Amino acid sequence: MATILGIESTCDETSASICIDGIIHSNVIANQTVHEKYGGVVPELASRAHQQNIIPTVDQSIINAKIHKNDIDAVAFSRGPGLLGSLLVGTSFAKAFALAKNIPLIEINHMQAHILAHFIEDPKPTFPFLCLTVSGGHTQIVKVNDYFSMQLLGQTLDDAAGEAFDKTAKILGLPYPGGPLIDRYAKTGDPNKYSFPEPKIPDLNFSFSGLKTSILYFIQKNLKENPLFIQDNLADICASIQSRIVSILLNKLEEAAHNTGINNIAIAGGVSANSGLRTSLESLGIKNSWNIFIPKFEYCTDNAAMVSIAGYYKYLEKDFITQDITPLTRWALD
């Protein structure tokens, strides 16, 4: 039996997980609320919070899994991509734990881990499959050939989809993080009330900066005519914004499926928790006869369960690293 401790600290969630023979036995996440008043993640504050949270989070994960720290066979950690200060906390802890227990150390690419979250529970996708990975920092379409053989087909050229949600929410005066609030208000709004442009980006790449600018000008124009425009039309505005972001994502994903002939389609990352995206993908899947794979909400945002399951598959291959490893703020998927 292989017992893997997973550590996640790429941004503003400190998380630890225990995976035993491919089964997740615990997944503890410590969220950081300190960033709310700043309207976004402050890197220095994030790393300080990780330092405070890392030991109690790991301890609680071990307790929840009903094991002893001596039962752990390897430590898997997110080496990157992410914020340097945050990554240093997780990397340093993982190295120290592995050194103290004389057990293997396993590096994990954070974006690969999001994709491998689909192997935590059934139904699991079969290879090859396409994965739309959408988060606050990344938007990618990936062809997944095997657990660690992945080909990047397209990505954002500027803002990520999660940034587009949060930045437009800020334009509307909504608190951070605004993406979930747009989703909540959109449920009671008319997605066809307002029209926003879809950028014409070549190949399978994305761009959201132009959309963000068009929304800003739209709001400024209407506020001049009616100072209560946002307040009076918030649900419809949110529904229209969400509808356009989702259509940008799914139009490219549909193109990728057509180009590759692959009908196993998955989504991953924080934005995959968006109800509009999930519902629209399911509808598109019925239209195209796709096999759709959508992770549970708890495995969408940054979490260590996805790191420990990725570590489990690397452990089986004895893919270990040495103690001289350092974090990577940028780390290409392929």
# chains A, B, ... in the order shown; residues from 1 in each chain; ligands from 1
call {"tool": "residues_around", "arguments": {"residues": "Pro43 in chain A", "least_positions_apart": "5", "cutoff": "12 Å", "atoms": "only C-alpha atoms", "output": "list in words"}}
result
Ser9, Thr10, Cys11, Asp12, Glu13, Gln32, Val34, His35, Tyr38, Arg48, Ala49, His50, Gly82, Leu83, Leu84, Gly85, Ser86, Leu87 and Leu88 of chain A
call {"tool": "select_by_dssp", "arguments": {"residues": "range 16-147 of chain A", "states": "helix (DSSP H, G or I)", "output": "PyMOL selection string"}}
result
chain A and resi 36-38+43-65+69-71+84-101+110-119
call {"tool": "atom_distance", "arguments": {"atom1": "CA of Asn109 in chain A", "atom2": "CA of Gly22 in chain A"}}
result
18.1 Å
call {"tool": "closest_residue", "arguments": {"among": "A:Ser17, A:Ser289, A:Asn264, A:Gln140", "to": "Gly311 in chain A", "atoms": "only C-alpha atoms"}}
result
A:Ser17
call {"tool": "closest_residue", "arguments": {"among": "A:Ile230, A:Ala2, A:Val271, A:Ala113", "to": "Asp73 in chain A", "atoms": "only C-alpha atoms"}}
result
A:Ala2
call {"tool": "residues_around", "arguments": {"residues": "Ile29 in chain A", "least_positions_apart": "3", "cutoff": "9 Å", "atoms": "only C-alpha atoms", "output": "ChimeraX atom specification"}}
result
/A:8,13-17,57,302-304
call {"tool": "write_last_selection", "arguments": {"atoms": "all heavy atoms", "output": "PDB file, in the first residue's frame"}}
result
ATOM      1  N   GLU A   8      -0.297  21.442  -1.179  1.00  0.00           N
ATOM      2  CA  GLU A   8      -0.655  22.458  -2.176  1.00  0.00           C
ATOM      3  C   GLU A   8      -0.525  23.842  -1.546  1.00  0.00           C
ATOM      4  O   GLU A   8      -1.146  24.131  -0.508  1.00  0.00           O
ATOM      5  CB  GLU A   8      -2.085  22.228  -2.662  1.00  0.00           C
ATOM      6  CG  GLU A   8      -2.748  23.416  -3.346  1.00  0.00           C
ATOM      7  CD  GLU A   8      -2.031  23.899  -4.600  1.00  0.00           C
ATOM      8  OE1 GLU A   8      -1.392  23.078  -5.290  1.00  0.00           O
ATOM      9  OE2 GLU A   8      -2.106  25.108  -4.890  1.00  0.00           O
ATOM     10  N   GLU A  13      -4.458  29.177  -1.031  1.00  0.00           N
ATOM     11  CA  GLU A  13      -5.022  28.084  -0.251  1.00  0.00           C
ATOM     12  C   GLU A  13      -3.892  27.190   0.226  1.00  0.00           C
ATOM     13  O   GLU A  13      -3.046  26.783  -0.574  1.00  0.00           O
ATOM     14  CB  GLU A  13      -6.005  27.229  -1.070  1.00  0.00           C
ATOM     15  CG  GLU A  13      -7.392  27.835  -1.214  1.00  0.00           C
ATOM     16  CD  GLU A  13      -7.533  28.622  -2.502  1.00  0.00           C
ATOM     17  OE1 GLU A  13      -6.599  28.554  -3.331  1.00  0.00           O
ATOM     18  OE2 GLU A  13      -8.545  29.316  -2.669  1.00  0.00           O
ATOM     19  N   THR A  14      -3.881  26.917   1.532  1.00  0.00           N
ATOM     20  CA  THR A  14      -2.943  25.937   2.072  1.00  0.00           C
ATOM     21  C   THR A  14      -3.714  24.643   2.228  1.00  0.00           C
ATOM     22  O   THR A  14      -4.731  24.598   2.918  1.00  0.00           O
ATOM     23  CB  THR A  14      -2.412  26.367   3.454  1.00  0.00           C
ATOM     24  OG1 THR A  14      -1.973  27.720   3.396  1.00  0.00           O
ATOM     25  CG2 THR A  14      -1.278  25.471   3.895  1.00  0.00           C
ATOM     26  N   SER A  15      -3.247  23.579   1.583  1.00  0.00           N
ATOM     27  CA  SER A  15      -4.008  22.338   1.608  1.00  0.00           C
ATOM     28  C   SER A  15      -3.086  21.143   1.776  1.00  0.00           C
ATOM     29  O   SER A  15      -1.948  21.137   1.292  1.00  0.00           O
ATOM     30  CB  SER A  15      -4.834  22.196   0.320  1.00  0.00           C
ATOM     31  OG  SER A  15      -5.657  21.036   0.363  1.00  0.00           O
ATOM     32  N   ALA A  16      -3.601  20.126   2.468  1.00  0.00           N
ATOM     33  CA  ALA A  16      -2.880  18.867   2.651  1.00  0.00           C
ATOM     34  C   ALA A  16      -3.860  17.721   2.479  1.00  0.00           C
ATOM     35  O   ALA A  16      -5.029  17.825   2.849  1.00  0.00           O
ATOM     36  CB  ALA A  16      -2.222  18.807   4.029  1.00  0.00           C
ATOM     37  N   SER A  17      -3.360  16.639   1.906  1.00  0.00           N
ATOM     38  CA  SER A  17      -4.227  15.489   1.618  1.00  0.00           C
ATOM     39  C   SER A  17      -3.457  14.194   1.817  1.00  0.00           C
ATOM     40  O   SER A  17      -2.235  14.148   1.621  1.00  0.00           O
ATOM     41  CB  SER A  17      -4.751  15.575   0.183  1.00  0.00           C
ATOM     42  OG  SER A  17      -5.412  14.376  -0.199  1.00  0.00           O
ATOM     43  N   THR A  57      -2.525  22.319   9.056  1.00  0.00           N
ATOM     44  CA  THR A  57      -3.268  21.714   7.947  1.00  0.00           C
ATOM     45  C   THR A  57      -2.794  20.290   7.690  1.00  0.00           C
ATOM     46  O   THR A  57      -3.608  19.375   7.526  1.00  0.00           O
ATOM     47  CB  THR A  57      -3.110  22.563   6.671  1.00  0.00           C
ATOM     48  OG1 THR A  57      -3.601  23.879   6.913  1.00  0.00           O
ATOM     49  CG2 THR A  57      -3.891  21.949   5.515  1.00  0.00           C
ATOM     50  N   ASP A 302      -8.110  25.124  -5.857  1.00  0.00           N
ATOM     51  CA  ASP A 302      -6.825  24.573  -5.439  1.00  0.00           C
ATOM     52  C   ASP A 302      -6.995  23.687  -4.208  1.00  0.00           C
ATOM     53  O   ASP A 302      -7.554  24.127  -3.189  1.00  0.00           O
ATOM     54  CB  ASP A 302      -5.843  25.698  -5.141  1.00  0.00           C
ATOM     55  CG  ASP A 302      -5.454  26.463  -6.396  1.00  0.00           C
ATOM     56  OD1 ASP A 302      -5.752  25.982  -7.503  1.00  0.00           O
ATOM     57  OD2 ASP A 302      -4.845  27.540  -6.257  1.00  0.00           O
ATOM     58  N   ASN A 303      -6.514  22.462  -4.302  1.00  0.00           N
ATOM     59  CA  ASN A 303      -6.648  21.505  -3.207  1.00  0.00           C
ATOM     60  C   ASN A 303      -5.518  20.487  -3.297  1.00  0.00           C
ATOM     61  O   ASN A 303      -4.920  20.283  -4.353  1.00  0.00           O
ATOM     62  CB  ASN A 303      -8.006  20.814  -3.272  1.00  0.00           C
ATOM     63  CG  ASN A 303      -8.146  19.930  -4.502  1.00  0.00           C
ATOM     64  OD1 ASN A 303      -7.837  18.746  -4.470  1.00  0.00           O
ATOM     65  ND2 ASN A 303      -8.600  20.514  -5.626  1.00  0.00           N
ATOM     66  N   ALA A 304      -5.227  19.841  -2.188  1.00  0.00           N
ATOM     67  CA  ALA A 304      -4.115  18.890  -2.159  1.00  0.00           C
ATOM     68  C   ALA A 304      -4.524  17.487  -2.584  1.00  0.00           C
ATOM     69  O   ALA A 304      -3.656  16.656  -2.847  1.00  0.00           O
ATOM     70  CB  ALA A 304      -3.499  18.840  -0.759  1.00  0.00           C
TER      71      ALA A 304
END
call {"tool": "atom_distance", "arguments": {"atom1": "CA of Pro197 in chain A", "atom2": "CA of Ser214 in chain A"}}
result
7.6 Å
call {"tool": "select_by_dssp", "arguments": {"residues": "range 77-172 of chain A", "states": "strand (DSSP E)", "output": "VMD selection string"}}
result
chain A and resid 77 to 80 105 to 109 129 to 134 139 to 146 149 to 155
call {"tool": "atom_distance", "arguments": {"atom1": "CA of Leu105 in chain A", "atom2": "CA of Gly90 in chain A"}}
result
12.3 Å
call {"tool": "residues_around", "arguments": {"residues": "Val28 in chain A", "least_positions_apart": "3", "cutoff": "12 Å", "atoms": "only C-alpha atoms", "output": "compact mmCIF listing (two decimals) with N, CA, C and O atoms, in the first residue's frame"}}
result
# COMPACT_ATOMS: atom_id res chain seq x y z
N LEU A 5 1.41 11.80 1.05
CA LEU A 5 1.02 13.10 1.59
C LEU A 5 1.14 14.13 0.49
O LEU A 5 2.21 14.27 -0.12
N GLY A 6 0.05 14.83 0.19
CA GLY A 6 0.06 15.87 -0.83
C GLY A 6 0.04 17.25 -0.20
O GLY A 6 -0.69 17.48 0.77
N ILE A 7 0.84 18.17 -0.75
CA ILE A 7 0.92 19.54 -0.26
C ILE A 7 0.62 20.50 -1.40
O ILE A 7 1.22 20.42 -2.47
N GLU A 8 -0.30 21.44 -1.18
CA GLU A 8 -0.65 22.46 -2.18
C GLU A 8 -0.53 23.84 -1.55
O GLU A 8 -1.15 24.13 -0.51
N GLU A 13 -4.46 29.18 -1.03
CA GLU A 13 -5.02 28.08 -0.25
C GLU A 13 -3.89 27.19 0.23
O GLU A 13 -3.05 26.78 -0.57
N THR A 14 -3.88 26.92 1.53
CA THR A 14 -2.94 25.94 2.07
C THR A 14 -3.71 24.64 2.23
O THR A 14 -4.73 24.60 2.92
N SER A 15 -3.25 23.58 1.58
CA SER A 15 -4.01 22.34 1.61
C SER A 15 -3.09 21.14 1.78
O SER A 15 -1.95 21.14 1.29
N ALA A 16 -3.60 20.13 2.47
CA ALA A 16 -2.88 18.87 2.65
C ALA A 16 -3.86 17.72 2.48
O ALA A 16 -5.03 17.83 2.85
N SER A 17 -3.36 16.64 1.91
CA SER A 17 -4.23 15.49 1.62
C SER A 17 -3.46 14.19 1.82
O SER A 17 -2.23 14.15 1.62
N ILE A 18 -4.17 13.15 2.18
CA ILE A 18 -3.61 11.81 2.28
C ILE A 18 -4.30 10.92 1.25
O ILE A 18 -5.52 10.81 1.24
N ILE A 24 -8.52 8.86 -1.88
CA ILE A 24 -8.34 10.04 -1.03
C ILE A 24 -8.99 9.80 0.32
O ILE A 24 -10.19 9.53 0.41
N HIS A 25 -8.19 9.90 1.38
CA HIS A 25 -8.69 9.68 2.74
C HIS A 25 -8.85 10.99 3.52
O HIS A 25 -9.50 10.99 4.57
N ASN A 31 -8.40 28.30 3.81
CA ASN A 31 -8.56 29.46 2.94
C ASN A 31 -8.04 30.72 3.62
O ASN A 31 -7.98 30.79 4.85
N ASN A 53 -0.39 28.32 8.39
CA ASN A 53 -1.37 27.25 8.18
C ASN A 53 -0.77 25.88 7.87
O ASN A 53 -1.44 24.86 8.08
N ILE A 54 0.46 25.84 7.38
CA ILE A 54 0.97 24.59 6.81
C ILE A 54 1.03 23.45 7.82
O ILE A 54 0.56 22.34 7.54
N ILE A 55 1.55 23.69 9.03
CA ILE A 55 1.68 22.61 10.01
C ILE A 55 0.32 22.13 10.52
O ILE A 55 0.04 20.92 10.50
N PRO A 56 -0.57 23.03 10.97
CA PRO A 56 -1.88 22.53 11.42
C PRO A 56 -2.70 21.87 10.31
O PRO A 56 -3.45 20.93 10.57
N THR A 57 -2.53 22.32 9.06
CA THR A 57 -3.27 21.71 7.95
C THR A 57 -2.79 20.29 7.69
O THR A 57 -3.61 19.37 7.53
N VAL A 58 -1.49 20.10 7.66
CA VAL A 58 -0.94 18.75 7.48
C VAL A 58 -1.33 17.85 8.65
O VAL A 58 -1.74 16.70 8.46
N ASP A 59 -1.21 18.38 9.85
CA ASP A 59 -1.56 17.60 11.05
C ASP A 59 -3.02 17.15 11.00
O ASP A 59 -3.32 15.98 11.28
N GLN A 60 -3.92 18.06 10.63
CA GLN A 60 -5.34 17.71 10.57
C GLN A 60 -5.61 16.70 9.47
O GLN A 60 -6.46 15.81 9.62
N SER A 61 -4.89 16.81 8.37
CA SER A 61 -5.07 15.86 7.28
C SER A 61 -4.68 14.45 7.71
O SER A 61 -5.36 13.47 7.37
N ILE A 62 -3.60 14.34 8.45
CA ILE A 62 -3.15 13.03 8.96
C ILE A 62 -4.17 12.47 9.95
O ILE A 62 -4.50 11.28 9.92
N ILE A 63 -4.68 13.34 10.82
CA ILE A 63 -5.69 12.91 11.80
C ILE A 63 -6.95 12.43 11.09
O ILE A 63 -7.51 11.37 11.42
N ASN A 64 -7.41 13.20 10.09
CA ASN A 64 -8.64 12.83 9.37
C ASN A 64 -8.50 11.50 8.64
O ASN A 64 -9.47 10.75 8.49
N ALA A 65 -7.29 11.23 8.16
CA ALA A 65 -7.06 9.98 7.43
C ALA A 65 -6.87 8.79 8.37
O ALA A 65 -6.79 7.64 7.92
N GLU A 298 -15.38 20.35 -4.68
CA GLU A 298 -14.24 20.39 -3.76
C GLU A 298 -12.91 20.12 -4.46
O GLU A 298 -11.84 20.41 -3.92
N TYR A 299 -12.97 19.55 -5.68
CA TYR A 299 -11.75 19.27 -6.43
C TYR A 299 -11.53 20.24 -7.58
O TYR A 299 -10.64 20.04 -8.41
N ASP A 302 -8.11 25.12 -5.86
CA ASP A 302 -6.82 24.57 -5.44
C ASP A 302 -6.99 23.69 -4.21
O ASP A 302 -7.55 24.13 -3.19
N ASN A 303 -6.51 22.46 -4.30
CA ASN A 303 -6.65 21.50 -3.21
C ASN A 303 -5.52 20.49 -3.30
O ASN A 303 -4.92 20.28 -4.35
N ALA A 304 -5.23 19.84 -2.19
CA ALA A 304 -4.11 18.89 -2.16
C ALA A 304 -4.52 17.49 -2.58
O ALA A 304 -3.66 16.66 -2.85
N ALA A 305 -5.82 17.21 -2.67
CA ALA A 305 -6.26 15.89 -3.13
C ALA A 305 -5.75 15.63 -4.54
O ALA A 305 -5.27 14.54 -4.86
N MET A 306 -5.82 16.64 -5.39
CA MET A 306 -5.35 16.49 -6.77
C MET A 306 -3.82 16.31 -6.80
O MET A 306 -3.28 15.64 -7.68
N SER A 308 -2.03 14.85 -4.29
CA SER A 308 -1.70 13.52 -3.77
C SER A 308 -2.07 12.41 -4.75
O SER A 308 -1.36 11.41 -4.84
call {"tool": "closest_residue", "arguments": {"among": "A:Leu152, A:Ile115, A:Ile262, A:Leu157", "to": "Pro128 in chain A", "atoms": "only C-alpha atoms"}}
result
A:Ile262
call {"tool": "closest_residue", "arguments": {"among": "A:Ser240, A:Asn205, A:Asn222, A:Ser195", "to": "Ile141 in chain A", "atoms": "only C-alpha atoms"}}
result
A:Asn205
call {"tool": "residues_around", "arguments": {"residues": "Arg184 in chain A", "least_positions_apart": "6", "cutoff": "10 Å", "atoms": "only C-alpha atoms", "output": "count of residues only"}}
result
7
call {"tool": "residues_around", "arguments": {"residues": "Lys314 in chain A", "least_positions_apart": "2", "cutoff": "10 Å", "atoms": "only C-alpha atoms", "output": "MDAnalysis selection string"}}
result
chainID A and resid 76 106:108 147:148 308:312 316:320
call {"tool": "residues_around", "arguments": {"residues": "Gln155 in chain A", "least_positions_apart": "5", "cutoff": "9 Å", "atoms": "only C-alpha atoms", "output": "number ranges by chain"}}
result
A: 138-142, 160, 204-207
call {"tool": "write_last_selection", "arguments": {"atoms": "N, CA and C atoms", "output": "PDB file, in the first residue's frame"}}
result
ATOM      1  N   HIS A 138      -4.926  30.752 -15.251  1.00  0.00           N
ATOM      2  CA  HIS A 138      -4.693  29.963 -16.462  1.00  0.00           C
ATOM      3  C   HIS A 138      -5.997  29.673 -17.198  1.00  0.00           C
ATOM      4  N   THR A 139      -5.900  29.628 -18.516  1.00  0.00           N
ATOM      5  CA  THR A 139      -6.970  29.135 -19.372  1.00  0.00           C
ATOM      6  C   THR A 139      -6.297  28.349 -20.486  1.00  0.00           C
ATOM      7  N   GLN A 140      -6.530  27.043 -20.510  1.00  0.00           N
ATOM      8  CA  GLN A 140      -5.822  26.174 -21.439  1.00  0.00           C
ATOM      9  C   GLN A 140      -6.741  25.080 -21.976  1.00  0.00           C
ATOM     10  N   ILE A 141      -6.486  24.670 -23.204  1.00  0.00           N
ATOM     11  CA  ILE A 141      -7.083  23.448 -23.738  1.00  0.00           C
ATOM     12  C   ILE A 141      -5.944  22.452 -23.888  1.00  0.00           C
ATOM     13  N   VAL A 142      -6.085  21.303 -23.234  1.00  0.00           N
ATOM     14  CA  VAL A 142      -5.008  20.327 -23.167  1.00  0.00           C
ATOM     15  C   VAL A 142      -5.483  18.982 -23.713  1.00  0.00           C
ATOM     16  N   ALA A 160      -6.732  35.412 -17.822  1.00  0.00           N
ATOM     17  CA  ALA A 160      -7.367  34.108 -17.741  1.00  0.00           C
ATOM     18  C   ALA A 160      -8.866  34.298 -17.518  1.00  0.00           C
ATOM     19  N   LEU A 204      -6.503  27.966 -31.325  1.00  0.00           N
ATOM     20  CA  LEU A 204      -7.292  27.584 -30.150  1.00  0.00           C
ATOM     21  C   LEU A 204      -6.931  28.442 -28.929  1.00  0.00           C
ATOM     22  N   ASN A 205      -6.390  29.621 -29.187  1.00  0.00           N
ATOM     23  CA  ASN A 205      -6.020  30.515 -28.097  1.00  0.00           C
ATOM     24  C   ASN A 205      -7.198  31.387 -27.664  1.00  0.00           C
ATOM     25  N   PHE A 206      -7.035  32.012 -26.511  1.00  0.00           N
ATOM     26  CA  PHE A 206      -8.078  32.845 -25.916  1.00  0.00           C
ATOM     27  C   PHE A 206      -7.550  34.252 -25.647  1.00  0.00           C
ATOM     28  N   SER A 207      -8.489  35.186 -25.507  1.00  0.00           N
ATOM     29  CA  SER A 207      -8.168  36.531 -25.037  1.00  0.00           C
ATOM     30  C   SER A 207      -9.395  37.077 -24.316  1.00  0.00           C
TER      31      SER A 207
END
call {"tool": "decode", "arguments": {"residues": "range 145-217 of chain A", "atoms": "C-alpha atoms", "output": "mmCIF file, in the first residue's frame"}}
result
data_model
loop_
_atom_site.group_PDB
_atom_site.id
_atom_site.type_symbol
_atom_site.label_atom_id
_atom_site.label_comp_id
_atom_site.auth_asym_id
_atom_site.auth_seq_id
_atom_site.Cartn_x
_atom_site.Cartn_y
_atom_site.Cartn_z
ATOM 1 C CA ASN A 145 -2.605 11.282 -23.785
ATOM 2 C CA ASP A 146 -1.614 9.680 -20.485
ATOM 3 C CA TYR A 147 -1.275 10.629 -16.822
ATOM 4 C CA PHE A 148 1.818 12.731 -17.508
ATOM 5 C CA SER A 149 1.798 13.012 -21.291
ATOM 6 C CA MET A 150 -0.109 16.191 -22.089
ATOM 7 C CA GLN A 151 -0.105 18.484 -25.123
ATOM 8 C CA LEU A 152 -1.070 22.147 -24.850
ATOM 9 C CA LEU A 153 -3.393 22.974 -27.772
ATOM 10 C CA GLY A 154 -4.311 26.530 -26.845
ATOM 11 C CA GLN A 155 -4.100 29.051 -24.015
ATOM 12 C CA THR A 156 -4.957 32.614 -23.090
ATOM 13 C CA LEU A 157 -2.827 35.375 -24.572
ATOM 14 C CA ASP A 158 -3.604 37.780 -21.718
ATOM 15 C CA ASP A 159 -6.144 37.505 -18.892
ATOM 16 C CA ALA A 160 -7.367 34.108 -17.741
ATOM 17 C CA ALA A 161 -11.084 33.317 -17.533
ATOM 18 C CA GLY A 162 -11.000 33.565 -13.743
ATOM 19 C CA GLU A 163 -9.405 37.009 -13.994
ATOM 20 C CA ALA A 164 -12.119 38.062 -16.431
ATOM 21 C CA PHE A 165 -14.781 37.095 -13.897
ATOM 22 C CA ASP A 166 -13.049 38.766 -10.938
ATOM 23 C CA LYS A 167 -12.070 41.958 -12.780
ATOM 24 C CA THR A 168 -15.527 42.489 -14.266
ATOM 25 C CA ALA A 169 -17.002 41.852 -10.826
ATOM 26 C CA LYS A 170 -14.761 44.625 -9.515
ATOM 27 C CA ILE A 171 -16.090 46.937 -12.245
ATOM 28 C CA LEU A 172 -19.578 46.151 -10.929
ATOM 29 C CA GLY A 173 -18.521 47.012 -7.381
ATOM 30 C CA LEU A 174 -18.718 43.431 -6.124
ATOM 31 C CA PRO A 175 -16.283 42.289 -3.403
ATOM 32 C CA TYR A 176 -13.374 39.915 -4.041
ATOM 33 C CA PRO A 177 -13.528 37.135 -5.064
ATOM 34 C CA GLY A 178 -16.189 38.314 -7.492
ATOM 35 C CA GLY A 179 -16.409 35.325 -9.830
ATOM 36 C CA PRO A 180 -18.688 33.255 -7.566
ATOM 37 C CA LEU A 181 -20.898 36.321 -7.007
ATOM 38 C CA ILE A 182 -21.364 36.821 -10.750
ATOM 39 C CA ASP A 183 -22.387 33.166 -10.948
ATOM 40 C CA ARG A 184 -24.875 33.608 -8.105
ATOM 41 C CA TYR A 185 -26.534 36.727 -9.538
ATOM 42 C CA ALA A 186 -26.542 35.267 -13.065
ATOM 43 C CA LYS A 187 -28.894 32.488 -12.004
ATOM 44 C CA THR A 188 -31.809 34.928 -11.844
ATOM 45 C CA GLY A 189 -30.805 37.090 -14.817
ATOM 46 C CA ASP A 190 -31.421 37.130 -18.575
ATOM 47 C CA PRO A 191 -28.219 36.052 -20.390
ATOM 48 C CA ASN A 192 -29.493 37.633 -23.622
ATOM 49 C CA LYS A 193 -30.307 41.047 -22.146
ATOM 50 C CA TYR A 194 -26.967 42.637 -23.074
ATOM 51 C CA SER A 195 -24.572 41.731 -25.858
ATOM 52 C CA PHE A 196 -20.798 41.721 -25.441
ATOM 53 C CA PRO A 197 -18.288 41.000 -28.232
ATOM 54 C CA GLU A 198 -16.516 37.689 -28.745
ATOM 55 C CA PRO A 199 -12.832 38.209 -29.611
ATOM 56 C CA LYS A 200 -11.579 36.759 -32.890
ATOM 57 C CA ILE A 201 -8.400 34.997 -31.772
ATOM 58 C CA PRO A 202 -6.601 32.613 -34.142
ATOM 59 C CA ASP A 203 -6.181 28.885 -33.543
ATOM 60 C CA LEU A 204 -7.292 27.584 -30.150
ATOM 61 C CA ASN A 205 -6.020 30.515 -28.097
ATOM 62 C CA PHE A 206 -8.078 32.845 -25.916
ATOM 63 C CA SER A 207 -8.168 36.531 -25.037
ATOM 64 C CA PHE A 208 -10.272 38.233 -22.385
ATOM 65 C CA SER A 209 -8.693 41.687 -22.105
ATOM 66 C CA GLY A 210 -10.840 43.149 -24.890
ATOM 67 C CA LEU A 211 -14.010 41.754 -23.345
ATOM 68 C CA LYS A 212 -13.089 43.275 -20.003
ATOM 69 C CA THR A 213 -12.558 46.676 -21.646
ATOM 70 C CA SER A 214 -15.866 46.518 -23.529
ATOM 71 C CA ILE A 215 -17.686 45.726 -20.274
ATOM 72 C CA LEU A 216 -15.976 48.684 -18.574
ATOM 73 C CA TYR A 217 -17.061 51.095 -21.334
#
